[in-house]
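Input: a single structure, listed below in structure tokens.
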Amino acid sequence: MKHLQRFLKDEAATIELGEDLALALKAGDCVALSGDLGAGKSTFARALLRAIADDETLEVPSPTFTLVQNYDLRIPVAHFDLYRLADASELEELGFDEALSEGICLVEWPEKGDEALPSDRITLAFTHDGDGRQLAISAPDASFERISRSLAIRSFLSQNGYATARRRHLSGDASIRAYERVVTDGEPAKILMDAARHKPGPILQGGKYYQQLAHLAEDVVPFVAISELLRGRGFAAPAIYARDLDKGILLIEDLGSEGILNTEGRPVAERYLESVRLLARLHGEPTR
Ligand code: ADP
Ligand code: MG
């Protein structure tokens with residue numbers, strides 16, 4: 001288990017945290033929300049659900065009487081309020097295990113179901129502190145890693161002038177990089193690349209580990225270098241608006257989602273021709 005503490009100065013900070021966790025959680029995560037009445041549990045749950053749904057108007061009724069509300073989203077979420085649970089054994093009848101196998105379980109008043117909740121759960125404990133709230137996060141190492149990475153991305157955005165940005169999931173490519181869409185009012189959306197440096201795996205051959213043998217980029221430096229080289233020569237490559245080379249976080253231009261196939265999945269001849277012309281030009285101007 002690892003722990004961290006944060007001060008949430010106002011309601012907006014609680015909502016922002018909901019968005020940050022929406023990008024860190026995955027199916028199988030149980031999140032216990034503890035704290036007194038008015039501590040901010042429901043505010044957090046609503047923000048998390050709206051971020052996963054990518055819908056600011058999503059209705060999030062309190063599960064106080066129904067005990068559970070289910071949301072069929074990108075990752076399914078079951079929102080429990082166990083305040084009225086008579087006995088921890090009822091949790092199973094409410095479909096807890098099934099919900100956890102398919103998605104995320106958010107649990108308000110977890111104390112009521114304590115012994116029936118998974119021991120590897122993530123706990124968010126909210127307490128009043130002046131006009132704001134203190135939040136203590138405890139999580140097993142693997143989920144803690146995901147959460148702290150998401151919080152590091154948020155700090156990166158704030159430090160680079162995107163303090164009010166909204167962050168949204170973007171389905172990734174096959175690599176270990178992850179991407180998000182970053183939206184700030186009045187500006188074109190940007191793409192955030194999340195590519196932490198590889199942790200060396202087992203040595204496989206000649207003193208090298210897999211990523212080295214497969215010639216995979218070990219960090220974002222080659223991406224930045226190639227982008228700058230191409231742009232310097234007048235080719236279109238994503239502009240880089242902000243970077244943290246050490247952490248492996250880049251904020252880059254959104255080149256849109258159209259490819260070289262049309263909406264029916266057929267090749268667009270002109271785009272293939274342009275691609276070939278581009279390759280020919282690149283070959284004509286060798287890089288040392
Ligand atoms: P709970 O579900 O824990 O009973 P709520 O989420 O309903 O609490 O929040 C109670 C009130 O606290 C709401 O009016 C909400 O706007 C406010 N609130 C939430 N987070 C914060 C914060 N970090 N600082 C100040 N007020 C907050
Ligand atoms: Mg509540």
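Ligands are numbered from 1 in the order shown, chains are lettered A, B, ... in the order of the structure tokens, and residues start at 1 in each chain.
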
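If you count only C-alpha atoms and ignore residues fewer than 3 places along the chain from Leu250 of chain A, what sits within 10 Å of it is Ile153, Phe156, Leu157, Tyr179, Ile191, Leu192, Met193, Asp194, Ala195, Val220, Phe223, Val224, Ile240, Tyr241, Ala242, Arg243, Asp244, Leu245, Lys247 and Glu253 of chain A.
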
Selection from above, C-alpha atoms, as a tab-separated table (two decimals), in the first residue's frame, can you write it?
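Here's the written file out-v4.tsv:
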```tsv
chain	number	residue	atom	x	y	z
A	153	ILE	CA	0.13	14.84	-15.84
A	156	PHE	CA	2.47	19.22	-15.93
A	157	LEU	CA	-0.60	20.86	-17.51
A	179	TYR	CA	-2.83	9.53	-25.23
A	191	ILE	CA	-3.04	15.82	-27.58
A	192	LEU	CA	-1.14	14.73	-24.52
A	193	MET	CA	1.33	11.90	-24.99
A	194	ASP	CA	2.04	9.86	-21.89
A	195	ALA	CA	5.16	7.79	-22.48
A	220	VAL	CA	10.24	10.74	-25.94
A	223	PHE	CA	9.93	11.79	-31.09
A	224	VAL	CA	10.76	15.41	-30.28
A	240	ILE	CA	5.16	20.41	-29.47
A	241	TYR	CA	3.63	22.96	-27.10
A	242	ALA	CA	5.05	21.68	-23.82
A	243	ARG	CA	7.42	18.91	-22.82
A	244	ASP	CA	8.84	17.11	-19.84
A	245	LEU	CA	11.47	14.85	-21.38
A	247	LYS	CA	8.89	12.30	-17.13
A	253	GLU	CA	-0.73	19.41	-31.86
```

Q.
At a cut-off of 6 Å around ligand 1, and using only C-alpha atoms and all ligand atoms, what residues come up? Please write them as a PyMOL selection string.
A. chain A and resi 8-11+13-14+35-43+131-133

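One distance worth recording is that between atom CA of Gly161 of chain A and atom CA of Glu187 of chain A, which is 12.6 Å.
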
Q: Please identify the residues whose atoms come within 12 Å of ligand 2, using only C-alpha atoms and all ligand atoms, and report them as a PyMOL selection string.
A: chain A and resi 33-46+60-65+67+79-83+106-109+126

Q) Quick one: DSSP strand (DSSP E or B) residues in segment 89-162 of chain A, as a ChimeraX atom specification? A) /A:104-108,122-129,132-139

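Minimum distance to Leu17 of chain A across A:Gln205, A:Ser148, A:Ser171, A:Gln212 (counting only C-alpha atoms) occurs at A:Ser148.
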
Q. Leaving out Ser101 of chain A and any residue of its chain fewer than 4 positions from it, which residues lie within 10 Å of it when counting only C-alpha atoms, given as a list in words?
A. Ala27, Gly28, Asp29, Pro76, Phe96, Asp97 and Cys105 of chain A

Take the selection from the previous step and output its residues with C-alpha atoms, as a PDB file, in the first residue's frame.
```pdb
ATOM      1  CA  ALA A  27     -12.031  -2.306 -14.785  1.00  0.00           C
ATOM      2  CA  GLY A  28     -11.503  -4.267 -11.581  1.00  0.00           C
ATOM      3  CA  ASP A  29     -10.770  -1.208  -9.430  1.00  0.00           C
ATOM      4  CA  PRO A  76     -18.820   0.319 -16.809  1.00  0.00           C
ATOM      5  CA  PHE A  96     -20.970  -6.269  -6.500  1.00  0.00           C
ATOM      6  CA  ASP A  97     -18.700  -9.097  -7.708  1.00  0.00           C
ATOM      7  CA  CYS A 105     -17.002  -0.019  -8.296  1.00  0.00           C
TER       8      CYS A 105
END
```

Q: Between atom CA of Arg288 of chain A and atom CA of His215 of chain A, measure the distance and give it in Å to one decimal.
A: 18.7 Å

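For the pair atom CA of Thr287 of chain A and atom CA of Ala196 of chain A, the separation is 27.3 Å.
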